[in-house]
Every structure is written in structure tokens, then in C-alpha cells.
file target_32.cif (mmCIF, C-alpha atoms)
data_work
loop_
_atom_site.label_atom_id
_atom_site.label_comp_id
_atom_site.auth_asym_id
_atom_site.auth_seq_id
_atom_site.Cartn_x
_atom_site.Cartn_y
_atom_site.Cartn_z
CA MET Y 1 31.00 3.64 5.09
CA SER Y 2 28.49 5.09 7.61
CA ASP Y 3 24.92 3.82 7.91
CA VAL Y 4 23.69 7.23 6.69
CA ASN Y 5 25.75 6.99 3.49
CA LYS Y 6 24.53 3.43 2.88
CA THR Y 7 20.93 4.58 3.32
CA VAL Y 8 21.34 7.48 0.90
CA GLN Y 9 23.01 5.17 -1.63
CA LYS Y 10 19.98 2.82 -1.44
CA TRP Y 11 17.64 5.77 -2.06
CA HIS Y 12 19.71 6.93 -5.01
CA ALA Y 13 19.80 3.41 -6.50
CA SER Y 14 15.99 3.11 -6.33
CA PHE Y 15 15.56 6.58 -7.81
CA LYS Y 16 18.02 5.88 -10.67
CA LYS Y 17 16.33 2.56 -11.48
CA GLY Y 18 12.94 4.29 -11.55
CA THR Y 19 14.01 7.08 -13.90
CA ASP Y 20 15.82 4.57 -16.13
CA PHE Y 21 12.71 2.40 -16.44
CA ASP Y 22 10.65 5.58 -16.99
CA SER Y 23 12.87 6.72 -19.85
CA TRP Y 24 12.67 3.24 -21.44
CA GLY Y 25 8.87 3.28 -21.33
CA GLN Y 26 8.68 0.48 -18.71
CA LEU Y 27 6.09 2.29 -16.61
CA VAL Y 28 5.07 -0.60 -14.33
CA GLU Y 29 8.68 -1.20 -13.28
CA ALA Y 30 9.25 2.57 -12.87
CA ILE Y 31 6.24 2.94 -10.58
CA ASP Y 32 7.46 -0.02 -8.53
CA GLU Y 33 10.87 1.62 -7.96
CA TYR Y 34 9.31 5.01 -7.13
CA GLN Y 35 7.06 3.34 -4.55
CA ILE Y 36 10.06 1.54 -3.00
CA LEU Y 37 11.85 4.88 -2.71
CA ALA Y 38 8.77 6.56 -1.21
CA ARG Y 39 8.50 3.87 1.46
CA GLN Y 40 12.23 4.15 2.26
CA LEU Y 41 11.97 7.93 2.63
CA GLN Y 42 8.83 7.73 4.75
CA LYS Y 43 10.47 5.16 7.04
CA GLU Y 44 13.46 7.49 7.53
CA VAL Y 45 11.19 10.44 8.32
CA GLN Y 46 9.30 8.37 10.91
CA SER Y 47 12.37 6.83 12.55
CA SER Y 48 14.13 10.20 12.80
CA GLY Y 49 11.09 11.98 14.21
CA SER Y 50 11.35 14.26 11.16
CA SER Y 51 14.05 16.29 12.92
CA ASP Y 52 16.66 15.76 10.20
CA PHE Y 53 14.43 17.00 7.37
CA THR Y 54 13.35 20.47 6.32
CA GLU Y 55 9.69 21.09 5.53
CA GLU Y 56 10.53 21.11 1.80
CA GLN Y 57 12.20 17.69 2.05
CA LYS Y 58 9.14 16.19 3.73
CA CYS Y 59 6.78 17.29 0.96
CA THR Y 60 5.35 14.29 -0.85
CA GLN Y 61 2.63 15.41 -3.24
CA SER Y 62 2.17 17.93 -6.04
CA LYS Y 63 -0.97 19.44 -7.52
CA GLU Y 64 0.34 18.56 -10.97
CA ASP Y 65 1.97 15.45 -12.44
CA PHE Y 66 5.76 15.36 -12.38
CA LYS Y 67 7.42 15.08 -15.78
CA LEU Y 68 10.41 12.76 -16.21
CA GLU Y 69 12.75 15.72 -16.77
CA ASP Y 70 11.50 17.24 -13.52
CA LEU Y 71 12.03 13.99 -11.64
CA LYS Y 72 15.61 13.79 -12.90
CA LYS Y 73 16.27 17.18 -11.27
CA LEU Y 74 15.76 15.45 -7.92
CA GLU Y 75 18.80 13.21 -8.35
CA SER Y 76 21.24 15.64 -6.72
CA ILE Y 77 18.73 16.29 -3.93
CA ILE Y 78 18.41 12.56 -3.22
CA LYS Y 79 22.19 12.29 -2.97
CA ASN Y 80 22.34 15.17 -0.46
CA ILE Y 81 18.95 14.82 1.19
CA LEU Y 82 20.21 14.71 4.77
CA SER Y 83 21.89 18.11 4.42
CA TYR Y 84 20.07 19.79 1.54
CA SER Y 85 18.23 23.00 2.52
CA LYS Y 86 17.33 24.69 -0.77
CA ASP Y 87 13.98 24.76 -2.50
CA PHE Y 88 12.89 21.86 -4.66
CA PRO Y 89 13.08 22.56 -8.42
CA PHE Y 90 9.28 22.68 -8.68
CA ASP Y 91 6.35 23.50 -6.40
CA VAL Y 92 5.13 20.82 -4.04
CA GLN Y 93 2.45 20.85 -1.36
CA PRO Y 94 3.15 19.54 2.14
CA VAL Y 95 1.05 16.56 3.26
CA PRO Y 96 0.81 15.79 7.00
CA LEU Y 97 2.25 12.35 7.65
CA ARG Y 98 0.46 9.61 9.49
CA LYS Y 99 2.59 6.81 10.79
CA ILE Y 100 1.88 3.66 8.76
CA LEU Y 101 3.25 0.51 10.33
CA ALA Y 102 4.68 -2.43 8.47
CA PRO Y 103 3.01 -5.82 9.04
CA GLY Y 104 3.81 -7.01 12.56
CA GLU Y 105 5.22 -3.68 13.73
CA GLU Y 106 2.06 -2.83 15.64
CA GLU Y 107 2.50 -6.06 17.63
CA ASN Y 108 5.18 -4.26 19.64
CA LEU Y 109 2.72 -1.60 20.77
CA GLU Y 110 -0.14 -1.83 23.23
CA LEU Y 111 -3.16 -3.31 21.46
CA GLU Y 112 -6.34 -1.29 21.85
CA GLU Y 113 -8.98 -2.80 19.61
CA GLU Y 114 -11.82 -1.87 21.96
CA GLU Y 115 -10.59 1.68 22.72
CA ASP Y 116 -10.56 3.15 19.24
CA ALA Y 117 -14.21 4.17 19.09
CA ALA Y 118 -14.13 6.00 22.39
CA ALA Y 119 -10.86 7.71 21.55
CA GLY Y 120 -12.15 8.87 18.19
CA ALA Y 121 -15.52 10.03 19.45
CA GLY Y 122 -14.08 12.07 22.29
CA SER Y 123 -11.27 13.69 20.36
CA THR Y 124 -11.38 17.40 19.56
CA GLU Y 125 -8.40 17.24 17.19
CA SER Y 126 -8.80 17.45 13.44
CA PHE Y 127 -7.10 14.63 11.52
CA PRO Y 128 -6.36 15.19 7.82
CA PRO Y 129 -8.06 12.81 5.37
CA ARG Y 130 -5.91 10.19 3.66
CA ALA Y 131 -4.62 10.96 0.22
CA PRO Y 132 -6.48 9.20 -2.62
CA GLY Y 133 -5.65 5.54 -3.24
CA THR Y 134 -2.82 4.32 -5.42
CA LEU Y 135 -4.91 2.12 -7.71
CA LEU Y 136 -3.38 1.55 -11.14
CA PRO Y 137 -5.08 1.27 -14.54
CA ARG Y 138 -5.56 -2.02 -16.36
CA LEU Y 139 -2.58 -3.23 -18.37
CA PRO Y 140 -2.79 -3.30 -22.19
CA SER Y 141 -4.32 -6.53 -23.47
CA GLU Y 142 -2.21 -9.13 -25.27
CA PRO Y 143 -3.51 -11.87 -27.58
CA GLY Y 144 -4.12 -15.10 -25.70
CA MET Y 145 -3.33 -13.54 -22.30
CA THR Y 146 -5.71 -12.99 -19.36
CA LEU Y 147 -6.04 -9.94 -17.14
CA LEU Y 148 -7.78 -10.02 -13.76
CA THR Y 149 -9.98 -7.31 -12.26
CA LEU Y 150 -10.95 -7.77 -8.62
CA LYS Y 151 -13.93 -5.79 -7.39
CA ILE Y 152 -13.66 -5.43 -3.62
CA GLU Y 153 -17.29 -5.28 -2.57
CA LYS Y 154 -17.29 -5.38 1.23
CA ILE Y 155 -15.65 -6.77 4.34
CA GLY Y 156 -17.48 -8.12 7.38
CA LEU Y 157 -16.21 -7.06 10.83
CA LYS Y 158 -17.94 -7.14 14.20
CA ASP Y 159 -16.76 -3.56 14.92
CA ALA Y 160 -17.09 -2.23 11.36
CA GLY Y 161 -18.72 1.03 12.47
CA GLN Y 162 -15.78 1.88 14.75
CA CYS Y 163 -13.06 1.73 12.06
CA ILE Y 164 -11.65 5.13 11.13
CA ASP Y 165 -10.46 5.82 7.56
CA PRO Y 166 -10.55 2.14 6.53
CA TYR Y 167 -8.83 1.07 3.32
CA MET Y 168 -7.28 -2.00 1.71
CA THR Y 169 -3.72 -2.64 0.60
CA ILE Y 170 -3.53 -5.15 -2.25
CA SER Y 171 -0.33 -6.97 -3.13
CA VAL Y 172 0.73 -10.03 -5.10
CA LYS Y 173 3.43 -12.11 -3.39
CA ASP Y 174 5.38 -15.12 -4.54
CA VAL Y 175 5.73 -18.26 -2.40
CA ASN Y 176 8.53 -16.56 -0.42
CA GLY Y 177 6.45 -13.47 0.33
CA VAL Y 178 8.25 -11.24 -2.18
CA ASP Y 179 6.30 -8.65 -4.18
CA VAL Y 180 5.52 -9.68 -7.74
CA ASN Y 181 3.60 -6.50 -8.68
CA PRO Y 182 3.44 -2.91 -7.40
CA VAL Y 183 1.47 -2.64 -4.14
CA GLN Y 184 -1.84 -0.76 -4.43
CA ASP Y 185 -4.05 1.01 -1.88
CA THR Y 186 -7.77 1.57 -2.31
CA PRO Y 187 -9.33 4.92 -1.47
CA VAL Y 188 -10.82 5.17 2.01
CA ALA Y 189 -14.18 3.40 2.26
CA THR Y 190 -17.02 5.78 3.04
CA LYS Y 191 -20.01 3.46 3.53
CA LYS Y 192 -20.52 1.41 6.69
CA GLU Y 193 -23.61 -0.69 7.25
CA ASP Y 194 -24.15 -2.93 10.29
CA THR Y 195 -21.18 -5.32 10.35
CA TYR Y 196 -19.97 -4.40 6.86
CA ILE Y 197 -17.64 -1.80 5.35
CA HIS Y 198 -18.40 -1.30 1.65
CA PHE Y 199 -15.63 -0.52 -0.85
CA SER Y 200 -17.17 -1.21 -4.29
CA VAL Y 201 -13.84 -0.53 -5.98
CA ASP Y 202 -12.03 -2.27 -8.87
CA VAL Y 203 -8.40 -3.34 -8.50
CA GLU Y 204 -6.48 -4.21 -11.67
CA ILE Y 205 -3.86 -6.90 -11.09
CA GLN Y 206 -0.68 -5.66 -12.74
CA ARG Y 207 0.42 -8.86 -14.45
CA HIS Y 208 -1.23 -11.29 -16.82
CA VAL Y 209 -2.59 -14.31 -14.99
CA GLU Y 210 -0.48 -16.65 -17.12
CA LYS Y 211 2.67 -14.81 -15.99
CA LEU Y 212 2.00 -15.04 -12.25
CA PRO Y 213 4.57 -17.35 -10.62
CA LYS Y 214 3.56 -20.75 -9.32
CA GLY Y 215 2.53 -20.59 -5.68
CA ALA Y 216 1.81 -16.85 -5.75
CA ALA Y 217 -1.13 -15.34 -3.85
CA ILE Y 218 -3.05 -12.07 -3.87
CA PHE Y 219 -3.19 -10.42 -0.42
CA PHE Y 220 -5.75 -7.99 0.96
CA GLU Y 221 -4.71 -6.13 4.12
CA PHE Y 222 -7.47 -4.22 5.90
CA LYS Y 223 -6.06 -1.07 7.53
CA HIS Y 224 -7.54 1.66 9.69
CA TYR Y 225 -6.41 4.70 11.63
CA LYS Y 226 -5.93 4.61 15.40
CA PRO Y 227 -6.29 8.20 16.69
CA LYS Y 228 -5.12 7.44 20.22
CA LYS Y 229 -1.80 6.05 18.97
CA ARG Y 230 -1.71 8.24 15.84
CA PHE Y 231 -0.83 5.49 13.39
CA THR Y 232 -2.45 3.45 10.65
CA SER Y 233 -2.54 -0.22 11.57
CA THR Y 234 -3.33 -3.51 9.87
CA LYS Y 235 -6.40 -5.03 11.53
CA CYS Y 236 -6.63 -8.28 9.54
CA PHE Y 237 -5.83 -9.78 6.16
CA ALA Y 238 -7.10 -12.23 3.56
CA PHE Y 239 -5.60 -13.88 0.49
CA MET Y 240 -6.49 -15.68 -2.73
CA GLU Y 241 -4.35 -18.41 -4.23
CA MET Y 242 -3.90 -19.03 -7.94
CA ASP Y 243 -6.34 -21.96 -8.13
CA GLU Y 244 -9.09 -19.66 -6.84
CA ILE Y 245 -8.89 -17.35 -9.85
CA LYS Y 246 -12.11 -17.87 -11.81
CA PRO Y 247 -14.85 -15.49 -12.95
CA GLY Y 248 -17.66 -14.65 -10.56
CA PRO Y 249 -18.10 -13.96 -6.83
CA ILE Y 250 -15.78 -15.29 -4.16
CA VAL Y 251 -15.90 -15.04 -0.36
CA ILE Y 252 -12.59 -15.45 1.49
CA GLU Y 253 -11.69 -15.87 5.15
CA LEU Y 254 -10.10 -13.21 7.34
CA TYR Y 255 -6.96 -13.87 9.37
CA LYS Y 256 -5.40 -12.24 12.42
CA LYS Y 257 -2.47 -9.87 12.03
CA PRO Y 258 0.45 -9.74 11.53
CA THR Y 259 0.15 -10.43 7.82
CA ASP Y 260 1.78 -13.77 7.06
CA PHE Y 261 2.84 -13.45 3.42
CA LYS Y 262 4.38 -16.92 3.48
CA ARG Y 263 1.08 -18.44 4.70
CA LYS Y 264 2.78 -20.59 7.35
CA LYS Y 265 1.07 -19.55 10.64
CA LEU Y 266 -2.52 -18.59 9.91
CA GLN Y 267 -5.11 -17.82 12.59
CA LEU Y 268 -8.71 -17.03 11.72
CA LEU Y 269 -9.81 -13.58 12.87
CA THR Y 270 -13.18 -14.81 14.16
CA LYS Y 271 -15.48 -17.82 14.25
CA LYS Y 272 -18.34 -15.58 13.17
CA PRO Y 273 -19.48 -15.78 9.51
CA LEU Y 274 -17.64 -12.59 8.52
CA PHE Y 275 -15.61 -12.55 5.31
CA LEU Y 276 -14.12 -10.46 2.50
CA HIS Y 277 -16.49 -10.38 -0.48
CA LEU Y 278 -15.02 -10.03 -4.00
CA GLN Y 279 -16.07 -10.28 -7.62
CA GLN Y 280 -13.57 -11.61 -10.18
CA ILE Y 281 -13.64 -10.44 -13.78
CA LEU Y 282 -11.33 -12.07 -16.33
CA HIS Y 283 -10.41 -10.28 -19.55
CA LYS Y 284 -8.95 -12.40 -22.34
CA GLU Y 285 -8.23 -11.30 -25.89
CA SER Y 286 -8.57 -14.11 -28.37
#
call {"tool": "encode", "arguments": {"input": "target_32.cif", "output": "C-alpha cells"}}
result
Amino acid sequence: MSDVNKTVQKWHASFKKGTDFDSWGQLVEAIDEYQILARQLQKEVQSSGSSDFTEEQKCTQSKEDFKLEDLKKLESIIKNILSYSKDFPFDVQPVPLRKILAPGEEENLELEEEEDAAAGAGSTESFPPRAPGTLLPRLPSEPGMTLLTLKIEKIGLKDAGQCIDPYMTISVKDVNGVDVNPVQDTPVATKKEDTYIHFSVDVEIQRHVEKLPKGAAIFFEFKHYKPKKRFTSTKCFAFMEMDEIKPGPIVIELYKKPTDFKRKKLQLLTKKPLFLHLQQILHKES
């Protein structure tokens, strides 16, 4: 079997799992599978230079919500996506793609931390704004179970004012670095003040605290856009372990990229007193 056929089979498997979960009412699991498929498709678009895809196939966002019956119409398109040339079964709007690198991928490129500001200020090109974040609503409460809301208040960086389109990616990983919950992105932060970027956004952790696996951690990856290289890169990351979950404020350290989800080789980003500032809110139904 060719690599192309194996790739398409993986896409189809993720899509089928997602629609199955959707039809069973397991929305969290469905969203997880749809996001896996979206990342697989985006990776293929980027690695192929988009040359193998028509404009319709690269469309990723609609003005209206997709219904399950509409999504199921995509199954035949997924199976034949590398050769399909007809219109999609419903209207979609093209969204210009920005290259988003996986953790560690940017290490293979020339680092340019000090050049970003000059490149952005002198550029005459117009870059499209990022799509809104992928934050999810709070799960339904269950008797005796605890839900966690994390308010991301601000992050301290020495070059905060130079970061373009900054946002956070939040994930929950087990001790082996495997996703426990769907990954979420905040909207782009719009307020910068001295050495701080302010988010003031609530993130709902998509599993009851009591159901989080032993040794799990919540990761916060700070990302920003590099206009000179035309990709979105991880600048630094932070994490919270399970014994740190308690109501009230918490300040956590920032570490150098690449993101180490297994927490084996950690290097502080700076010796300066710059941190990620959070508020924890616990919701428990008696």
C-alpha cells in the first residue's frame, strides 16, 4: 500500500470516529477526533506546498455551523481528497493558512528572536488575523465531582511588546506526554503593557479533576507569529502539575522551547522574575 493511501486511510479513520462519537452524543470525543483530522490535513497541505489541493479542498471554515448530516457528506471526499475536484456539498469560506509548527520543529530553522520586531515594523504586507480561539465550554457538573476553570491573566516576557498575534495553546498530557483532553487555543491577546501580555481569558479543563490520570500536567504554550519566516512558533511554555490544583492565584515558571511534555529536560526561559499568572477556580457540586 502506498504512503498516500495509508495517509488517506488515517484521515478517513479519524473522520469516521468523529462522526460516530457525534451521532452517539459523545461531543468531547467527537471534537477531539475532528481536531486530530484537522491537524493531519493541515500538515499535508503544508508539506505538499498546497500544490496537490484545489482551493475548495483547502477551505477550513464556514460562516455557519456544520450539521452532523452535512459532515457525513464529506466521507466520500475524505476518501478521494487527493484527486477530488468537485464542489463541497455546502458553502465554505477560504481561510489563508499560516504555517504552525509542532513543538521542536522550529529548532531546525534559523532562530531570530531579536529580528521579529524590525521585520514586522518594516513590512508592507498585510497578514490576515488569526481565526478566533478554540476554547470549549465548561462540562456539565456531576455530583461529587470537581471542574477546573483556569483564568489566564498575563505572561511576563522581556520582549512582550514585540510579539505579533500572541496566543496560548492549552493541553492536558499524561506522564508520557499523550493528550488526555482536546487541545484548546485562546484568542489572540490584544493588550500589551511593559513586559506583560494580558489575556484575561477563562479556559475550561475538559475533564473532572478526579478523573485526571496520576502524573498528568496542564501545559501552556505561548505562541506568536514570525512575519519574516511566515510561521507561528512556540516561544516558551509552562505547566501545572496535579498537586498544584487549588483555588486562588498561582504564578508558574516559563521554560525554553521545545515544549517538553514529558518534563525530563527543562530549562528556565530567563533568570528575570517573569512568569505566567493564573487564577484557579474550582467548581464542585455537592
call {"tool": "atom_distance", "arguments": {"input": "target_32.cif", "atom1": "CA of Gln279 in chain Y", "atom2": "CA of Pro187 in chain Y"}}
result
17.7 Å
call {"tool": "atom_distance", "arguments": {"input": "target_32.cif", "atom1": "CA of Glu193 in chain Y", "atom2": "CA of Thr149 in chain Y"}}
result
24.7 Å
call {"tool": "residues_around", "arguments": {"input": "target_32.cif", "residues": "range 24-36 of chain Y", "least_positions_apart": "4", "cutoff": "9 Å", "atoms": "only C-alpha atoms", "output": "NGL selection string"}}
result
:Y and (11 or 14-20 or 40-41 or 181-183 or 206)
call {"tool": "atom_distance", "arguments": {"input": "target_32.cif", "atom1": "CA of Val180 in chain Y", "atom2": "CA of Pro137 in chain Y"}}
result
16.7 Å
call {"tool": "resolve_selection", "arguments": {"input": "target_32.cif", "expression": "the PyMOL selection byres ((chain Y and resi 133) around 6)", "output": "ChimeraX atom specification"}}
result
/Y:132,134-135,185-187
call {"tool": "resolve_selection", "arguments": {"input": "target_32.cif", "expression": "the PyMOL selection byres ((chain Y and resi 195) around 7)", "output": "MDAnalysis selection string"}}
result
chainID Y and resid 156:160 193:194 196
call {"tool": "closest_residue", "arguments": {"input": "target_32.cif", "among": "Y:Asp165, Y:Glu285, Y:Asp174, Y:Glu153", "to": "Ser141 in chain Y", "atoms": "all atoms listed in the file"}}
result
Y:Glu285
